[in-house]
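Novice: I am sharing data-v3.pdb, which consists of PDB, C-alpha atoms:
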ATOM      1  CA  MET Y   1      84.804  -8.429 -37.068
ATOM      2  CA  LYS Y   2      82.471  -7.137 -39.793
ATOM      3  CA  TYR Y   3      82.742  -3.631 -41.223
ATOM      4  CA  THR Y   4      80.528  -1.480 -43.408
ATOM      5  CA  VAL Y   5      82.892  -0.311 -46.161
ATOM      6  CA  PHE Y   6      82.271   2.888 -48.116
ATOM      7  CA  LYS Y   7      83.973   5.465 -50.308
ATOM      8  CA  VAL Y   8      84.592   9.136 -49.681
ATOM      9  CA  ALA Y   9      86.436  11.062 -52.418
ATOM     10  CA  GLY Y  10      87.855   7.847 -53.857
ATOM     11  CA  GLY Y  11      89.203   6.636 -50.509
ATOM     12  CA  SER Y  12      87.997   3.398 -48.942
ATOM     13  CA  PHE Y  13      86.784   3.545 -45.324
ATOM     14  CA  GLY Y  14      85.189   1.119 -42.912
ATOM     15  CA  ILE Y  15      83.256   1.296 -39.643
ATOM     16  CA  GLY Y  16      82.288  -1.610 -37.411
ATOM     17  CA  ILE Y  17      78.772  -2.847 -38.167
ATOM     18  CA  GLU Y  18      77.896  -2.859 -34.463
ATOM     19  CA  GLY Y  19      77.633   0.932 -34.680
ATOM     20  CA  VAL Y  20      75.608   1.034 -37.923
ATOM     21  CA  VAL Y  21      71.837   1.445 -37.651
ATOM     22  CA  GLU Y  22      70.939   1.521 -41.354
ATOM     23  CA  ILE Y  23      71.992   2.717 -44.797
ATOM     24  CA  LEU Y  24      69.671   5.175 -46.532
ATOM     25  CA  LYS Y  25      69.463   6.622 -50.028
ATOM     26  CA  TYR Y  26      70.622  10.212 -50.073
ATOM     27  CA  ARG Y  27      67.931  12.757 -49.352
ATOM     28  CA  GLU Y  28      67.949  16.483 -48.899
ATOM     29  CA  ILE Y  29      69.273  17.700 -45.581
ATOM     30  CA  GLU Y  30      67.556  20.558 -43.761
ATOM     31  CA  ARG Y  31      70.099  23.284 -43.120
ATOM     32  CA  ILE Y  32      69.422  24.995 -39.829
ATOM     33  CA  PRO Y  33      71.082  28.246 -38.707
ATOM     34  CA  GLN Y  34      73.316  28.222 -35.646
ATOM     35  CA  LEU Y  35      74.161  24.518 -35.723
ATOM     36  CA  PRO Y  36      77.868  23.826 -35.169
ATOM     37  CA  ASP Y  37      79.965  23.911 -38.357
ATOM     38  CA  PHE Y  38      80.630  20.165 -38.309
ATOM     39  CA  ILE Y  39      76.896  19.414 -38.665
ATOM     40  CA  SER Y  40      75.628  19.750 -42.246
ATOM     41  CA  GLY Y  41      72.005  19.822 -41.092
ATOM     42  CA  VAL Y  42      69.309  17.476 -39.871
ATOM     43  CA  MET Y  43      66.965  14.956 -41.418
ATOM     44  CA  ASN Y  44      63.792  13.214 -40.368
ATOM     45  CA  VAL Y  45      64.021   9.429 -40.191
ATOM     46  CA  ARG Y  46      60.581   7.976 -39.403
ATOM     47  CA  GLY Y  47      59.774  10.850 -37.047
ATOM     48  CA  ASP Y  48      63.200  11.112 -35.409
ATOM     49  CA  VAL Y  49      65.211  14.236 -36.160
ATOM     50  CA  ILE Y  50      68.888  13.333 -36.404
ATOM     51  CA  PRO Y  51      71.996  15.416 -37.112
ATOM     52  CA  VAL Y  52      73.905  14.735 -40.320
ATOM     53  CA  ILE Y  53      77.667  15.002 -40.783
ATOM     54  CA  ASP Y  54      79.160  15.189 -44.288
ATOM     55  CA  LEU Y  55      82.342  13.103 -44.114
ATOM     56  CA  ARG Y  56      83.845  14.972 -47.080
ATOM     57  CA  GLU Y  57      83.620  18.207 -45.105
ATOM     58  CA  ARG Y  58      84.724  16.496 -41.886
ATOM     59  CA  PHE Y  59      87.842  15.171 -43.609
ATOM     60  CA  GLY Y  60      88.623  18.590 -45.117
ATOM     61  CA  ILE Y  61      87.704  17.650 -48.707
ATOM     62  CA  THR Y  62      86.265  20.716 -50.405
ATOM     63  CA  GLU Y  63      85.491  19.363 -53.873
ATOM     64  CA  GLU Y  64      81.850  18.596 -54.623
ATOM     65  CA  ALA Y  65      80.669  15.101 -55.492
ATOM     66  CA  ASP Y  66      77.517  13.104 -55.935
ATOM     67  CA  ARG Y  67      76.428  12.038 -52.497
ATOM     68  CA  ARG Y  68      74.674   8.751 -52.742
ATOM     69  CA  ARG Y  69      74.157   7.321 -49.272
ATOM     70  CA  ILE Y  70      73.645   8.232 -45.649
ATOM     71  CA  ILE Y  71      74.846   5.751 -43.052
ATOM     72  CA  THR Y  72      73.004   6.205 -39.761
ATOM     73  CA  VAL Y  73      75.156   5.291 -36.785
ATOM     74  CA  ARG Y  74      74.911   5.119 -33.012
ATOM     75  CA  LEU Y  75      76.932   7.959 -31.568
ATOM     76  CA  GLU Y  76      77.114   8.749 -27.833
ATOM     77  CA  GLY Y  77      73.732   7.255 -27.017
ATOM     78  CA  GLY Y  78      71.993   8.908 -29.973
ATOM     79  CA  THR Y  79      71.853   8.518 -33.731
ATOM     80  CA  ALA Y  80      73.605  10.575 -36.403
ATOM     81  CA  GLY Y  81      73.823  10.363 -40.182
ATOM     82  CA  LEU Y  82      77.081  10.227 -42.123
ATOM     83  CA  ILE Y  83      77.021  11.324 -45.760
ATOM     84  CA  VAL Y  84      79.268   9.120 -47.912
ATOM     85  CA  ASP Y  85      79.757   8.807 -51.654
ATOM     86  CA  GLU Y  86      79.012   5.097 -51.972
ATOM     87  CA  VAL Y  87      78.620   2.033 -49.762
ATOM     88  CA  THR Y  88      80.628  -0.818 -51.267
ATOM     89  CA  GLY Y  89      79.621  -3.619 -48.922
ATOM     90  CA  ILE Y  90      80.021  -5.455 -45.655
ATOM     91  CA  ARG Y  91      83.397  -7.149 -45.151
ATOM     92  CA  GLU Y  92      84.801  -9.505 -42.549
ATOM     93  CA  ILE Y  93      88.204  -8.155 -41.515
ATOM     94  CA  PRO Y  94      90.098 -10.087 -38.842
ATOM     95  CA  ASP Y  95      91.739  -7.918 -36.154
ATOM     96  CA  GLU Y  96      95.188  -9.252 -37.067
ATOM     97  CA  LYS Y  97      94.782  -7.788 -40.594
ATOM     98  CA  ILE Y  98      94.367  -4.252 -39.177
ATOM     99  CA  SER Y  99      97.603  -2.360 -38.572
ATOM    100  CA  SER Y 100      98.022   0.669 -36.330
ATOM    101  CA  PRO Y 101      97.485   4.010 -38.077
ATOM    102  CA  PRO Y 102     100.443   6.255 -38.836
ATOM    103  CA  ARG Y 103     100.493   9.706 -37.230
ATOM    104  CA  VAL Y 104      99.606  11.342 -40.563
ATOM    105  CA  PHE Y 105      98.076   9.541 -43.525
ATOM    106  CA  ASN Y 106      97.740  11.589 -46.749
ATOM    107  CA  GLU Y 107      96.893  14.710 -44.700
ATOM    108  CA  PHE Y 108      94.055  12.765 -43.043
ATOM    109  CA  ARG Y 109      93.923  13.180 -39.277
ATOM    110  CA  SER Y 110      94.937   9.855 -37.791
ATOM    111  CA  ASP Y 111      92.926  10.486 -34.602
ATOM    112  CA  PHE Y 112      89.787   9.440 -36.563
ATOM    113  CA  MET Y 113      91.406   6.121 -37.396
ATOM    114  CA  LYS Y 114      91.337   2.773 -35.667
ATOM    115  CA  GLY Y 115      93.749   1.297 -38.195
ATOM    116  CA  LEU Y 116      94.557   0.371 -41.792
ATOM    117  CA  CYS Y 117      93.755  -2.794 -43.704
ATOM    118  CA  HIS Y 118      94.872  -3.985 -47.136
ATOM    119  CA  GLU Y 119      91.686  -5.087 -48.920
ATOM    120  CA  GLN Y 120      93.404  -7.926 -50.750
ATOM    121  CA  PRO Y 121      96.951  -9.241 -50.276
ATOM    122  CA  GLY Y 122      99.318  -8.034 -52.977
ATOM    123  CA  ARG Y 123      97.227  -4.966 -53.895
ATOM    124  CA  ASP Y 124      98.016  -1.382 -53.020
ATOM    125  CA  ARG Y 125      94.416  -0.585 -52.048
ATOM    126  CA  VAL Y 126      94.021   0.247 -48.357
ATOM    127  CA  THR Y 127      90.841   0.584 -46.289
ATOM    128  CA  ILE Y 128      90.973   3.085 -43.448
ATOM    129  CA  ILE Y 129      89.119   1.709 -40.445
ATOM    130  CA  LEU Y 130      87.443   4.611 -38.648
ATOM    131  CA  ASP Y 131      86.812   4.883 -34.936
ATOM    132  CA  ILE Y 132      83.229   6.162 -35.058
ATOM    133  CA  GLU Y 133      83.391   7.453 -31.486
ATOM    134  CA  ARG Y 134      86.342   9.681 -32.430
ATOM    135  CA  ILE Y 135      84.791  11.273 -35.534
ATOM    136  CA  LEU Y 136      83.730  14.046 -33.170
ATOM    137  CA  SER Y 137      85.821  15.449 -30.327
ATOM    138  CA  ARG Y 138      84.464  15.444 -26.789
ATOM    139  CA  ASP Y 139      83.644  19.169 -27.060
ATOM    140  CA  GLU Y 140      81.886  18.627 -30.401
ATOM    141  CA  LYS Y 141      79.790  15.835 -28.878
ATOM    142  CA  ILE Y 142      78.694  18.207 -26.120
ATOM    143  CA  MET Y 143      77.894  20.899 -28.717
ATOM    144  CA  LEU Y 144      75.937  18.330 -30.759
ATOM    145  CA  LYS Y 145      73.886  17.233 -27.756
ATOM    146  CA  THR Y 146      73.170  20.824 -26.711
ATOM    147  CA  SER Y 147      72.243  21.844 -30.269
ATOM    148  CA  MET Y 148      69.865  18.901 -30.703
ATOM    149  CA  GLU Y 149      68.211  19.610 -27.340
ATOM    150  CA  LYS Y 150      67.667  23.239 -28.371
ATOM    151  CA  LEU Y 151      66.399  22.178 -31.787
ATOM    152  CA  THR Y 152      63.901  19.665 -30.459
ATOM    153  CA  GLY Y 153      62.964  21.924 -27.541
ATOM    154  CA  GLU Y 154      62.472  20.923 -23.922
ATOM    155  CA  GLY Y 155      58.936  19.722 -23.302
ATOM    156  CA  ARG Y 156      58.388  18.906 -26.964
ATOM    157  CA  LYS Y 157      60.522  15.786 -27.033
ATOM    158  CA  ARG Y 158      59.046  12.318 -26.900
ATOM    159  CA  GLY Y 159      61.145   9.169 -26.958
ATOM    160  CA  GLY Y 160      64.318  11.252 -26.649
ATOM    161  CA  ARG Y 161      64.403  12.635 -30.195
ATOM    162  CA  ARG Y 162      60.891  12.682 -31.622
ATOM    163  CA  ILE Y 163      59.389  16.105 -32.302
ATOM    164  CA  GLU Y 164      55.739  16.861 -31.819
ATOM    165  CA  LYS Y 165      54.057  19.832 -33.462
ATOM    166  CA  ARG Y 166      53.346  22.814 -31.270
ATOM    167  CA  PRO Y 167      49.723  23.797 -30.889
ATOM    168  CA  GLY Y 168      49.156  26.732 -32.936
TER     169      GLY Y 168
END
Could you write out this file's structure as structure tokens?
Specialist:
Amino acid sequence: MKYTVFKVAGGSFGIGIEGVVEILKYREIERIPQLPDFISGVMNVRGDVIPVIDLRERFGITEEADRRRIITVRLEGGTAGLIVDEVTGIREIPDEKISSPPRVFNEFRSDFMKGLCHEQPGRDRVTIILDIERILSRDEKIMLKTSMEKLTGEGRKRGGRRIEKRPG
């Protein structure tokens, strides 16, 4: 299977390419009051307003860093952006090269993980394969959906996520 591989705070992570929509250059995120804490804000991608999750914050990393890319992914029937430090490439990783995640991995919650993969035999470098559907809990997914519906407003949506200007 192919994975989009990226870095967050020096760690190497991967997500299956079937869930990746596109990779964008970093742009400013609109911070909106009363969004759940796990959402950094929203951004407009060709007329679609999508929520953005900063993976540094999601993983409990408080130090600041240059944020270089946003990976847009399919998440529960919608699209969300993930802020990462750097995208390093697309890699073919056979299933047999992915081992089950330990219960705790360097204080990183293993429930986000699908498994671990050594990038190259004989090297200590490990890529954490993320389960994109488990980045958010079930309750957080419900909060995300509710927040986005409130943000876009009933009756103003078109195409599920597109916002039209109110007459004014």
Novice: Between Y:Cys117, Y:Ile50, Y:Val20, Y:Ile135, single out the one closest to Gly78 in chain Y, counting all atoms listed in the file.
Specialist: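 Of all the options, Y:Ile50 lies closest to Gly78 in chain Y.
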Novice: With only C-alpha atoms as the basis for distance, which of Y:Leu24, Y:Ile61, Y:Val5, Y:Met43 is at the shortest distance from Val126 in chain Y?
Specialist: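 Of all the options, Y:Val5 lies closest to Val126 in chain Y.
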Novice: Calculated over only C-alpha atoms, which of the candidates Y:Arg68, Y:Lys141, Y:Arg31, Y:Arg91 has the smallest distance to Lys2 in chain Y?
Specialist: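 Distance minimum relative to Lys2 in chain Y lands on Y:Arg91.
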Novice: The PyMOL selection byres ((chain Y and resi 81) around 8) - which residues does that actually catch in the file I just gave you? List them as a PDB file with C-alpha atoms, keeping the file's coordinate frame.
Specialist:
ATOM      1  CA  ILE Y  50      68.888  13.333 -36.404  1.00  0.00           C
ATOM      2  CA  PRO Y  51      71.996  15.416 -37.112  1.00  0.00           C
ATOM      3  CA  VAL Y  52      73.905  14.735 -40.320  1.00  0.00           C
ATOM      4  CA  ILE Y  53      77.667  15.002 -40.783  1.00  0.00           C
ATOM      5  CA  ILE Y  70      73.645   8.232 -45.649  1.00  0.00           C
ATOM      6  CA  ILE Y  71      74.846   5.751 -43.052  1.00  0.00           C
ATOM      7  CA  THR Y  72      73.004   6.205 -39.761  1.00  0.00           C
ATOM      8  CA  VAL Y  73      75.156   5.291 -36.785  1.00  0.00           C
ATOM      9  CA  THR Y  79      71.853   8.518 -33.731  1.00  0.00           C
ATOM     10  CA  ALA Y  80      73.605  10.575 -36.403  1.00  0.00           C
ATOM     11  CA  LEU Y  82      77.081  10.227 -42.123  1.00  0.00           C
ATOM     12  CA  ILE Y  83      77.021  11.324 -45.760  1.00  0.00           C
TER      13      ILE Y  83
END
Novice: Suppose you want the space between CA of Thr127 in chain Y and CA of Gly11 in chain Y; what is it in Å?
Specialist: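 Going from CA of Thr127 in chain Y over to CA of Gly11 in chain Y covers 7.6 Å.
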Novice: Measuring atom to atom with all atoms listed in the file, identify which of Y:Leu75, Y:Ile128, Y:Ile17, Y:Leu55 is nearest to Ser100 in chain Y.
Specialist: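 Closest candidate: Y:Ile128.
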Novice: Have a look at CA of Arg74 in chain Y and CA of Arg27 in chain Y and let me know their distance in Å, one decimal.
Specialist: 19.3 Å
Novice: Please, what distance in Å, to one decimal, runs between CA of Asp85 in chain Y and CA of Val45 in chain Y?
Specialist: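 Interatomic distance, CA of Asp85 in chain Y to CA of Val45 in chain Y: 19.5 Å.
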Novice: Name every residue that the PyMOL selection byres ((chain Y and resi 38) around 8) selects in this structure, writing the answer as number ranges by chain with chains first and numbers rising.
Specialist: Y: 36-37, 39-40, 53-54, 57-58
Novice: Which residue, Y:Ala65, Y:Leu144, Y:Val8, Y:Ile15, has the smallest gap to Gly115 in chain Y when you use only C-alpha atoms?
Specialist: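 So, comparing all the options, the nearest one is Y:Ile15.
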Novice: Just checking: using all atoms listed in the file, which residue out of Y:Val49, Y:Ile129, Y:Leu136, Y:Ile90 ends up closest to Leu151 in chain Y?
Specialist: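 The shortest atom-to-atom distance to Leu151 in chain Y comes from Y:Val49.
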Novice: Assuming 5 Å of padding per side, give the centre and edge lengths of the axis-aligned box around every listed atom of range 141-155 of chain Y, in Å to one decimal and as JSON.
Specialist:
{"center_x": 69.4, "center_y": 19.5, "center_z": -27.5, "size_x": 30.9, "size_y": 17.4, "size_z": 18.5}
